[in-house]
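Some notes on the structure that comes next.
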Amino acid sequence: MTTSNEKSAHLWSTKGGSDKLYNLFLRPKAEGWVVDYTNGKRGGALQSGTKTQEPVAYEAALKLFEATVRSKVKDGYGTVESGQAYTNSEFAGRATGLDVQLLSSIDEETCMALLQDDAWVAQLKENGERRPLFIKDGDVTGANRSGLTVHIPAIWRSDFAQYTNATFDGEHVGDAYAVFDLLSLNNEDLTVLPFAARYLRLVNLLESHPTLPPSLRLVEAHATTSTKERLLQHVRAKKLEGVCLKRASSTYSAGRSKDALKFKLTDSATCIVVRRNAQRSVALGLRDASGVLIEQGNVTIPANHAVPEVGSLVEVEFLYYTGSAFEQPVYGGVRTDLSEEDARIDQITRIKPGISLEMACA
């Protein structure tokens with residue numbers, strides 16, 4: 001429950017071609033008050049932190065809150081009335097116990113064959129951050145693909161509380177939540193059920209309520225060859241990321257799965273920023289099998305993104321990997337849900353024709 005002394009400020013900056021938010025919160029904790037914040041690219045998943053390592057008196061917290069707002073305004077931020085507030089929980093970063101199912105990459109030939117196979121269903125491959133949601137007695141918390149608790153848009157708590165006790169699997173895309181699977185309902189474990197049964201339970205759950213929250217959307221599952229082919233045609237026409245293919249009879253298993261696949265029109269890799277270059281670009285690096293960091297060419301940072309710091313993990317989309325660089329690399333933003341262990345050469349499967357996998361990963 002919000003008290004009259006709580007405050008929040010939602011600030012927006014486009015200085016230097018950036019497009020970023022800074023949300024600041026003054027709120028009670030334990031026997032005192034704290035000043036917390038979230039910041040990052042507008043429409044993306046925000047990082048969080050605190051200005052107060054321990055609760056302080058209200059007067060001290062208010063002074064810090066107001067000084068931070070003044071500092072941000074002086075630095076070029078303006079207020080934005082519709083700034084999206086994020087939760088900030090003391091449990092952020094704790095393990096949830098959920099090991100998510102990860103998609104295995106397939107080539108176009110395999111994808112086209114599975115579109116003809118009635119044993120497989122297709123869904124749009126969303127271009128967001130993986131975000132399982134846990135709803136327990138109406139309280140909503142989120143996790144990342146590593147199963148660690150993360151902050152979520154505050155509006156989700158009120159929007160999704162109506163589902164009472166459920167575990168969704170989906171992606172955080174901009175301001176929205178795209179749900180594609182249901183893992184539990186009313187304390188019943190649904191991961192032991194086939195995907196087709198889980199998806200039907202998901203549809204029935206959403207339809208059992210009068211209205212769908214504006215921040216929630218269902219990722220449709222397509223079961224017939226004609227609808228699966230139309231989905232792929234739509235992805236190609238709109239230049240979207242790709243499609244997911246799931247075996248309708250498969251249960252939900254942890255880790256990389258042979259029953260949950262992805263075909264992407266382009267691929268992406270998680271890289272380490274090795275160096276900041278001139279002209280808004282950075283040098284990229286990947287670790288080889290022995291852990292040595294090897295430079296992998298450059299990527300341009302668009303004007304609506306801040307130039308990442310050296311050592312940051314970033315996502316880069318590309319057409320092919322040549323063994324030493326990416327063809328047609330496109331910057332996809334900073335990754336805060338992975339570790340340096342994920343920035344390895346052997347994550348790459350889309351190798352330029354004529355180059356062997358051994359050559360690329362050597």
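A note on labels: chains of the structure tokens are A, B, ... as shown, every chain counts residues from 1, and ligands are counted from 1 in their shown order.
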Fill in: Contact residues around Val121 of chain A with only C-alpha atoms at 6 Å, ignoring same-chain residues under 3 positions, as a PyMOL selection string
chain A and resi 222-223+245-246
Write out the residues from the selection above, keeping all heavy atoms, as a PDB file, in the first residue's frame.
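Below is the file that was written, again.pdb:
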```
ATOM      1  N   HIS A 222       0.069 -22.286 -33.999  1.00  0.00           N
ATOM      2  CA  HIS A 222      -0.505 -22.692 -35.284  1.00  0.00           C
ATOM      3  C   HIS A 222      -0.224 -24.176 -35.508  1.00  0.00           C
ATOM      4  O   HIS A 222       0.935 -24.606 -35.462  1.00  0.00           O
ATOM      5  CB  HIS A 222       0.092 -21.856 -36.411  1.00  0.00           C
ATOM      6  CG  HIS A 222      -0.104 -20.386 -36.215  1.00  0.00           C
ATOM      7  ND1 HIS A 222      -1.225 -19.713 -36.658  1.00  0.00           N
ATOM      8  CD2 HIS A 222       0.669 -19.457 -35.589  1.00  0.00           C
ATOM      9  CE1 HIS A 222      -1.135 -18.436 -36.337  1.00  0.00           C
ATOM     10  NE2 HIS A 222       0.005 -18.252 -35.688  1.00  0.00           N
ATOM     11  N   ALA A 223      -1.285 -24.949 -35.783  1.00  0.00           N
ATOM     12  CA  ALA A 223      -1.155 -26.405 -35.831  1.00  0.00           C
ATOM     13  C   ALA A 223      -1.239 -26.999 -37.227  1.00  0.00           C
ATOM     14  O   ALA A 223      -0.745 -28.103 -37.452  1.00  0.00           O
ATOM     15  CB  ALA A 223      -2.221 -27.046 -34.940  1.00  0.00           C
ATOM     16  N   LEU A 245       9.169 -23.793 -33.182  1.00  0.00           N
ATOM     17  CA  LEU A 245       8.447 -25.024 -33.489  1.00  0.00           C
ATOM     18  C   LEU A 245       8.535 -25.943 -32.283  1.00  0.00           C
ATOM     19  O   LEU A 245       9.632 -26.203 -31.778  1.00  0.00           O
ATOM     20  CB  LEU A 245       9.039 -25.690 -34.731  1.00  0.00           C
ATOM     21  CG  LEU A 245       8.786 -24.911 -36.024  1.00  0.00           C
ATOM     22  CD1 LEU A 245       9.901 -25.104 -37.020  1.00  0.00           C
ATOM     23  CD2 LEU A 245       7.453 -25.328 -36.627  1.00  0.00           C
ATOM     24  N   LYS A 246       7.383 -26.400 -31.805  1.00  0.00           N
ATOM     25  CA  LYS A 246       7.338 -27.238 -30.612  1.00  0.00           C
ATOM     26  C   LYS A 246       6.566 -28.518 -30.903  1.00  0.00           C
ATOM     27  O   LYS A 246       5.495 -28.481 -31.529  1.00  0.00           O
ATOM     28  CB  LYS A 246       6.675 -26.472 -29.465  1.00  0.00           C
ATOM     29  CG  LYS A 246       7.464 -25.236 -29.060  1.00  0.00           C
ATOM     30  CD  LYS A 246       6.778 -24.434 -27.974  1.00  0.00           C
ATOM     31  CE  LYS A 246       7.592 -23.181 -27.633  1.00  0.00           C
ATOM     32  NZ  LYS A 246       6.930 -22.343 -26.619  1.00  0.00           N
TER      33      LYS A 246
END
```
Fill in: Within 6 Å of segment 226-229 of chain A using only C-alpha atoms, minus same-chain residues under 3 positions, as a list in words
Leu115, Ala122, His222 and Leu232 of chain A
Would you save the residues from that selection as a compact mmCIF listing (two decimals), in the first residue's frame, using all heavy atoms?
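out.txt was written with the following content:
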```txt
# COMPACT_ATOMS: atom_id res chain seq x y z
N LEU A 115 7.05 -27.77 -40.88
CA LEU A 115 5.81 -27.08 -41.20
C LEU A 115 4.80 -28.05 -41.82
O LEU A 115 3.58 -27.86 -41.69
CB LEU A 115 6.06 -25.92 -42.17
CG LEU A 115 6.93 -24.76 -41.67
CD1 LEU A 115 7.00 -23.67 -42.73
CD2 LEU A 115 6.42 -24.19 -40.36
N ALA A 122 3.63 -24.25 -34.48
CA ALA A 122 4.53 -23.11 -34.68
C ALA A 122 4.01 -21.88 -33.95
O ALA A 122 2.80 -21.66 -33.86
CB ALA A 122 4.68 -22.81 -36.17
N HIS A 222 0.07 -22.29 -34.00
CA HIS A 222 -0.50 -22.69 -35.28
C HIS A 222 -0.22 -24.18 -35.51
O HIS A 222 0.94 -24.61 -35.46
CB HIS A 222 0.09 -21.86 -36.41
CG HIS A 222 -0.10 -20.39 -36.22
ND1 HIS A 222 -1.23 -19.71 -36.66
CD2 HIS A 222 0.67 -19.46 -35.59
CE1 HIS A 222 -1.14 -18.44 -36.34
NE2 HIS A 222 0.01 -18.25 -35.69
N LEU A 232 5.16 -18.20 -41.31
CA LEU A 232 6.51 -17.98 -41.82
C LEU A 232 6.52 -16.91 -42.91
O LEU A 232 7.42 -16.07 -42.96
CB LEU A 232 7.11 -19.29 -42.35
CG LEU A 232 8.55 -19.20 -42.87
CD1 LEU A 232 9.49 -18.68 -41.78
CD2 LEU A 232 9.02 -20.56 -43.36
```
From the DSSP assignment of the backbone, select every residue of segment 210-306 of chain A that is strand (DSSP E or B), and format the answer as a compact mmCIF listing (two decimals) with N, CA, C and O atoms, in the first residue's frame.
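result-v4.txt, written as the output of this step:
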```txt
# COMPACT_ATOMS: atom_id res chain seq x y z
N LEU A 216 -0.74 -7.57 -21.64
CA LEU A 216 -0.57 -9.01 -21.87
C LEU A 216 -1.09 -9.38 -23.25
O LEU A 216 -2.16 -8.94 -23.67
N ARG A 217 -0.32 -10.18 -23.98
CA ARG A 217 -0.83 -10.71 -25.24
C ARG A 217 -0.41 -12.17 -25.39
O ARG A 217 0.67 -12.58 -24.95
N LEU A 218 -1.28 -12.93 -25.99
CA LEU A 218 -1.05 -14.35 -26.20
C LEU A 218 -0.30 -14.56 -27.51
O LEU A 218 -0.68 -14.01 -28.55
N HIS A 222 0.07 -22.29 -34.00
CA HIS A 222 -0.50 -22.69 -35.28
C HIS A 222 -0.22 -24.18 -35.51
O HIS A 222 0.94 -24.61 -35.46
N GLY A 242 11.84 -14.66 -36.44
CA GLY A 242 11.77 -16.05 -36.85
C GLY A 242 10.56 -16.75 -36.26
O GLY A 242 9.60 -16.10 -35.81
N VAL A 243 10.58 -18.09 -36.28
CA VAL A 243 9.48 -18.89 -35.75
C VAL A 243 10.02 -19.92 -34.78
O VAL A 243 11.19 -20.34 -34.87
N CYS A 244 9.16 -20.31 -33.82
CA CYS A 244 9.46 -21.41 -32.90
C CYS A 244 8.61 -22.60 -33.31
O CYS A 244 7.45 -22.45 -33.70
N LEU A 245 9.17 -23.79 -33.18
CA LEU A 245 8.45 -25.02 -33.49
C LEU A 245 8.54 -25.94 -32.28
O LEU A 245 9.63 -26.20 -31.78
N LYS A 246 7.38 -26.40 -31.81
CA LYS A 246 7.34 -27.24 -30.61
C LYS A 246 6.57 -28.52 -30.90
O LYS A 246 5.50 -28.48 -31.53
N ARG A 247 7.12 -29.63 -30.45
CA ARG A 247 6.43 -30.91 -30.61
C ARG A 247 5.20 -30.90 -29.71
O ARG A 247 5.31 -30.71 -28.49
N GLY A 255 16.52 -26.78 -19.84
CA GLY A 255 17.69 -26.69 -20.69
C GLY A 255 17.38 -26.77 -22.17
O GLY A 255 16.22 -26.71 -22.60
N ARG A 256 18.43 -26.94 -22.98
CA ARG A 256 18.29 -26.97 -24.43
C ARG A 256 17.49 -28.21 -24.84
O ARG A 256 17.78 -29.32 -24.40
N SER A 257 16.48 -28.01 -25.68
CA SER A 257 15.54 -29.09 -25.98
C SER A 257 15.53 -29.44 -27.46
O SER A 257 15.69 -28.58 -28.32
N LYS A 258 15.31 -30.73 -27.75
CA LYS A 258 15.13 -31.18 -29.12
C LYS A 258 13.65 -31.15 -29.52
O LYS A 258 13.31 -31.44 -30.67
N ASP A 259 12.79 -30.82 -28.55
CA ASP A 259 11.35 -30.74 -28.80
C ASP A 259 10.86 -29.30 -28.89
O ASP A 259 9.67 -29.07 -29.10
N ALA A 260 11.76 -28.35 -28.71
CA ALA A 260 11.44 -26.92 -28.80
C ALA A 260 12.55 -26.28 -29.64
O ALA A 260 13.70 -26.20 -29.20
N LEU A 261 12.21 -25.86 -30.84
CA LEU A 261 13.20 -25.45 -31.83
C LEU A 261 12.94 -24.02 -32.30
O LEU A 261 11.85 -23.48 -32.10
N LYS A 262 13.93 -23.44 -32.94
CA LYS A 262 13.78 -22.09 -33.49
C LYS A 262 14.46 -22.00 -34.84
O LYS A 262 15.55 -22.54 -35.06
N PHE A 263 13.78 -21.34 -35.77
CA PHE A 263 14.37 -21.00 -37.06
C PHE A 263 14.36 -19.49 -37.17
O PHE A 263 13.30 -18.86 -37.13
N LYS A 264 15.54 -18.90 -37.28
CA LYS A 264 15.65 -17.46 -37.34
C LYS A 264 16.15 -17.05 -38.72
O LYS A 264 17.04 -17.68 -39.29
N ASP A 267 20.65 -14.69 -37.25
CA ASP A 267 21.02 -15.26 -35.96
C ASP A 267 21.49 -14.13 -35.04
O ASP A 267 21.61 -12.98 -35.46
N SER A 268 21.73 -14.45 -33.80
CA SER A 268 22.27 -13.45 -32.87
C SER A 268 23.26 -14.13 -31.94
O SER A 268 23.20 -15.34 -31.73
N ALA A 269 24.15 -13.34 -31.41
CA ALA A 269 25.16 -13.86 -30.48
C ALA A 269 25.37 -12.86 -29.35
O ALA A 269 25.24 -11.64 -29.55
N THR A 270 25.66 -13.38 -28.18
CA THR A 270 26.01 -12.55 -27.03
C THR A 270 27.52 -12.35 -27.03
O THR A 270 28.27 -13.32 -26.99
N CYS A 271 27.96 -11.10 -27.09
CA CYS A 271 29.38 -10.77 -27.20
C CYS A 271 29.83 -9.88 -26.05
O CYS A 271 29.01 -9.26 -25.37
N ILE A 272 31.13 -9.79 -25.88
CA ILE A 272 31.74 -8.90 -24.89
C ILE A 272 32.27 -7.67 -25.61
O ILE A 272 32.91 -7.78 -26.67
N VAL A 273 31.99 -6.48 -25.08
CA VAL A 273 32.55 -5.26 -25.65
C VAL A 273 34.02 -5.18 -25.27
O VAL A 273 34.37 -5.09 -24.10
N VAL A 274 34.87 -5.23 -26.28
CA VAL A 274 36.32 -5.22 -26.07
C VAL A 274 36.88 -3.80 -26.06
O VAL A 274 37.79 -3.47 -25.30
N ARG A 275 36.27 -2.93 -26.90
CA ARG A 275 36.83 -1.58 -27.06
C ARG A 275 35.76 -0.66 -27.63
O ARG A 275 34.92 -1.08 -28.43
N ARG A 276 35.77 0.59 -27.18
CA ARG A 276 34.94 1.62 -27.80
C ARG A 276 35.73 2.26 -28.93
O ARG A 276 36.86 2.70 -28.74
N ASN A 277 35.13 2.33 -30.11
CA ASN A 277 35.77 2.95 -31.26
C ASN A 277 35.21 4.35 -31.50
O ASN A 277 34.25 4.77 -30.85
N SER A 281 30.88 3.11 -32.58
CA SER A 281 30.94 1.67 -32.78
C SER A 281 31.80 1.06 -31.69
O SER A 281 32.58 1.77 -31.01
N VAL A 282 31.65 -0.25 -31.48
CA VAL A 282 32.45 -0.95 -30.49
C VAL A 282 33.03 -2.22 -31.11
O VAL A 282 32.45 -2.79 -32.05
N ALA A 283 34.18 -2.64 -30.59
CA ALA A 283 34.78 -3.90 -31.00
C ALA A 283 34.20 -5.02 -30.14
O ALA A 283 33.98 -4.84 -28.94
N LEU A 284 33.94 -6.16 -30.77
CA LEU A 284 33.29 -7.29 -30.11
C LEU A 284 34.30 -8.41 -29.86
O LEU A 284 35.26 -8.59 -30.61
N GLY A 285 34.04 -9.19 -28.81
CA GLY A 285 34.89 -10.32 -28.51
C GLY A 285 34.08 -11.53 -28.09
O GLY A 285 32.98 -11.40 -27.54
N LEU A 286 34.62 -12.72 -28.37
CA LEU A 286 34.04 -13.99 -27.92
C LEU A 286 35.16 -14.85 -27.35
O LEU A 286 36.31 -14.76 -27.79
N ARG A 287 34.82 -15.69 -26.39
CA ARG A 287 35.81 -16.59 -25.81
C ARG A 287 35.81 -17.92 -26.57
O ARG A 287 34.76 -18.44 -26.92
N LEU A 293 39.81 -14.71 -24.91
CA LEU A 293 38.95 -13.72 -25.55
C LEU A 293 39.54 -13.33 -26.90
O LEU A 293 40.68 -12.85 -26.97
N ILE A 294 38.77 -13.52 -27.97
CA ILE A 294 39.24 -13.26 -29.32
C ILE A 294 38.34 -12.19 -29.96
O ILE A 294 37.11 -12.29 -29.94
N GLU A 295 38.96 -11.16 -30.53
CA GLU A 295 38.19 -10.08 -31.13
C GLU A 295 37.46 -10.56 -32.38
O GLU A 295 38.01 -11.36 -33.16
N GLN A 296 36.22 -10.05 -32.58
CA GLN A 296 35.36 -10.55 -33.66
C GLN A 296 34.77 -9.42 -34.50
O GLN A 296 33.62 -9.49 -34.92
N GLY A 297 35.54 -8.39 -34.76
CA GLY A 297 35.04 -7.30 -35.59
C GLY A 297 34.26 -6.27 -34.79
O GLY A 297 34.29 -6.26 -33.55
N ASN A 298 33.55 -5.40 -35.49
CA ASN A 298 32.87 -4.26 -34.87
C ASN A 298 31.38 -4.26 -35.18
O ASN A 298 30.92 -4.94 -36.10
N VAL A 299 30.65 -3.48 -34.40
CA VAL A 299 29.23 -3.23 -34.68
C VAL A 299 28.94 -1.77 -34.39
O VAL A 299 29.46 -1.20 -33.42
N THR A 300 28.14 -1.13 -35.24
CA THR A 300 27.75 0.26 -35.06
C THR A 300 26.63 0.35 -34.03
O THR A 300 25.72 -0.47 -34.01
```
Practice prompt. May I ask for the distance between atom CA of Glu31 of chain A and atom CA of Ala61 of chain A, given in Å to one decimal place?
Written response: 12.6 Å
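Take the candidates A:Arg157, A:Asp117, A:Lys136, A:Thr149 and check each one against Asn186 of chain A using only C-alpha atoms; the shortest distance goes to A:Lys136.
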Item to complete: Once DSSP has gone over the backbone, tell me which residues of segment 101-248 of chain A are in alpha helix (DSSP H), as a PyMOL selection string.
Response: chain A and resi 108-115+154-160+195-207+225-238
For the residues in that selection, give me C-alpha atoms as a PDB file, in the first residue's frame.
```pdb
ATOM      1  CA  GLU A 108      15.632 -23.666 -43.142  1.00  0.00           C
ATOM      2  CA  GLU A 109      15.365 -27.160 -44.630  1.00  0.00           C
ATOM      3  CA  THR A 110      14.434 -28.668 -41.263  1.00  0.00           C
ATOM      4  CA  CYS A 111      11.981 -25.841 -40.591  1.00  0.00           C
ATOM      5  CA  MET A 112      10.189 -26.356 -43.906  1.00  0.00           C
ATOM      6  CA  ALA A 113       9.875 -30.089 -43.212  1.00  0.00           C
ATOM      7  CA  LEU A 114       8.365 -29.495 -39.773  1.00  0.00           C
ATOM      8  CA  LEU A 115       5.810 -27.083 -41.204  1.00  0.00           C
ATOM      9  CA  ALA A 154       4.862  -2.393 -11.751  1.00  0.00           C
ATOM     10  CA  ILE A 155       1.676  -2.389 -13.837  1.00  0.00           C
ATOM     11  CA  TRP A 156       2.044  -6.141 -14.366  1.00  0.00           C
ATOM     12  CA  ARG A 157       1.353  -6.715 -10.683  1.00  0.00           C
ATOM     13  CA  SER A 158      -2.135  -5.255 -10.935  1.00  0.00           C
ATOM     14  CA  ASP A 159      -2.777  -6.476 -14.497  1.00  0.00           C
ATOM     15  CA  PHE A 160      -1.925 -10.132 -13.831  1.00  0.00           C
ATOM     16  CA  PHE A 195       2.627 -28.751 -24.887  1.00  0.00           C
ATOM     17  CA  ALA A 196      -0.735 -28.971 -26.681  1.00  0.00           C
ATOM     18  CA  ALA A 197      -2.501 -29.583 -23.353  1.00  0.00           C
ATOM     19  CA  ARG A 198      -0.580 -26.804 -21.576  1.00  0.00           C
ATOM     20  CA  TYR A 199      -1.392 -24.343 -24.339  1.00  0.00           C
ATOM     21  CA  LEU A 200      -5.104 -25.246 -24.225  1.00  0.00           C
ATOM     22  CA  ARG A 201      -5.080 -24.654 -20.459  1.00  0.00           C
ATOM     23  CA  LEU A 202      -3.418 -21.277 -21.088  1.00  0.00           C
ATOM     24  CA  VAL A 203      -6.053 -20.228 -23.621  1.00  0.00           C
ATOM     25  CA  ASN A 204      -8.865 -21.353 -21.320  1.00  0.00           C
ATOM     26  CA  LEU A 205      -7.337 -19.445 -18.388  1.00  0.00           C
ATOM     27  CA  LEU A 206      -7.098 -16.207 -20.342  1.00  0.00           C
ATOM     28  CA  GLU A 207     -10.609 -16.591 -21.776  1.00  0.00           C
ATOM     29  CA  THR A 225       0.426 -26.771 -42.398  1.00  0.00           C
ATOM     30  CA  SER A 226      -1.372 -23.850 -44.045  1.00  0.00           C
ATOM     31  CA  THR A 227      -1.383 -21.656 -40.910  1.00  0.00           C
ATOM     32  CA  LYS A 228       2.233 -22.519 -40.116  1.00  0.00           C
ATOM     33  CA  GLU A 229       3.287 -21.590 -43.652  1.00  0.00           C
ATOM     34  CA  ARG A 230       1.337 -18.320 -43.448  1.00  0.00           C
ATOM     35  CA  LEU A 231       3.113 -17.516 -40.178  1.00  0.00           C
ATOM     36  CA  LEU A 232       6.515 -17.982 -41.819  1.00  0.00           C
ATOM     37  CA  GLN A 233       5.411 -15.868 -44.792  1.00  0.00           C
ATOM     38  CA  HIS A 234       4.336 -13.121 -42.371  1.00  0.00           C
ATOM     39  CA  VAL A 235       7.707 -13.286 -40.594  1.00  0.00           C
ATOM     40  CA  ARG A 236       9.555 -12.945 -43.906  1.00  0.00           C
ATOM     41  CA  ALA A 237       7.332 -10.104 -45.142  1.00  0.00           C
ATOM     42  CA  LYS A 238       7.617  -8.103 -41.925  1.00  0.00           C
TER      43      LYS A 238
END
```
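Among A:Trp33, A:Phe168, A:Tyr331, A:Tyr252, the residue with the shortest atom-to-atom distance to His305 of chain A, counting only C-alpha atoms, is A:Tyr331.
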Response to the item:
Between atom CA of Glu129 of chain A and atom CA of Asp175 of chain A lies a distance of 11.4 Å
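The interatomic distance for the pair atom CA of Asn304 of chain A and atom CA of Glu327 of chain A works out to 21.9 Å.
Nearest residue to Ala289 of chain A among A:Gln53, A:Thr141, A:Ser250, A:Gln347 is A:Gln347, counting only C-alpha atoms.
Each of A:Phe318, A:Ala178, A:Lys20, A:Thr38 was compared to Pro153 of chain A using only C-alpha atoms, and A:Thr38 turns out to be the nearest.
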Worksheet item: Between A:Thr224, A:Thr336, A:Ser215, A:Asn127, which has the minimum distance to Gly40 of chain A (counting only C-alpha atoms)?
Response: A:Thr336
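If only C-alpha atoms are the atoms counted, then among A:Ala254, A:Val334, A:Ala143, A:Leu64 the closest residue to Glu309 of chain A is A:Val334.
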Worksheet entry | Non-local contacts of Thr164 of chain A (9 Å; only C-alpha atoms; under 2 positions in same chain excluded) as a PyMOL selection string | chain A and resi 135-140+160-162+166+185-186
Residues just named, written with N, CA and C atoms as an mmCIF file, in the first residue's frame:
```
data_model
loop_
_atom_site.group_PDB
_atom_site.id
_atom_site.type_symbol
_atom_site.label_atom_id
_atom_site.label_comp_id
_atom_site.auth_asym_id
_atom_site.auth_seq_id
_atom_site.Cartn_x
_atom_site.Cartn_y
_atom_site.Cartn_z
ATOM 1 N N ILE A 135 2.829 -16.148 -10.303
ATOM 2 C CA ILE A 135 1.701 -15.479 -9.656
ATOM 3 C C ILE A 135 1.243 -16.365 -8.507
ATOM 4 N N LYS A 136 1.402 -15.869 -7.296
ATOM 5 C CA LYS A 136 1.038 -16.634 -6.107
ATOM 6 C C LYS A 136 0.129 -15.789 -5.235
ATOM 7 N N ASP A 137 -1.084 -16.251 -5.073
ATOM 8 C CA ASP A 137 -2.099 -15.512 -4.310
ATOM 9 C C ASP A 137 -2.217 -14.071 -4.805
ATOM 10 N N GLY A 138 -2.092 -13.902 -6.118
ATOM 11 C CA GLY A 138 -2.242 -12.586 -6.732
ATOM 12 C C GLY A 138 -0.992 -11.733 -6.748
ATOM 13 N N ASP A 139 0.090 -12.201 -6.120
ATOM 14 C CA ASP A 139 1.351 -11.447 -6.112
ATOM 15 C C ASP A 139 2.210 -11.924 -7.275
ATOM 16 N N VAL A 140 2.731 -10.987 -8.068
ATOM 17 C CA VAL A 140 3.420 -11.321 -9.313
ATOM 18 C C VAL A 140 4.908 -11.011 -9.198
ATOM 19 N N PHE A 160 -1.941 -8.661 -13.800
ATOM 20 C CA PHE A 160 -1.925 -10.132 -13.831
ATOM 21 C C PHE A 160 -2.377 -10.771 -12.528
ATOM 22 N N ALA A 161 -2.690 -9.955 -11.523
ATOM 23 C CA ALA A 161 -3.117 -10.506 -10.231
ATOM 24 C C ALA A 161 -4.388 -11.330 -10.355
ATOM 25 N N GLN A 162 -5.202 -11.045 -11.382
ATOM 26 C CA GLN A 162 -6.475 -11.749 -11.547
ATOM 27 C C GLN A 162 -6.289 -13.247 -11.816
ATOM 28 N N ALA A 166 -0.597 -19.019 -10.782
ATOM 29 C CA ALA A 166 -0.202 -19.566 -12.080
ATOM 30 C C ALA A 166 1.261 -19.228 -12.345
ATOM 31 N N LEU A 185 -0.836 -24.148 -12.647
ATOM 32 C CA LEU A 185 -2.108 -23.475 -12.441
ATOM 33 C C LEU A 185 -2.745 -24.018 -11.174
ATOM 34 N N ASN A 186 -3.032 -23.108 -10.229
ATOM 35 C CA ASN A 186 -3.650 -23.495 -8.949
ATOM 36 C C ASN A 186 -2.865 -24.618 -8.272
#
```
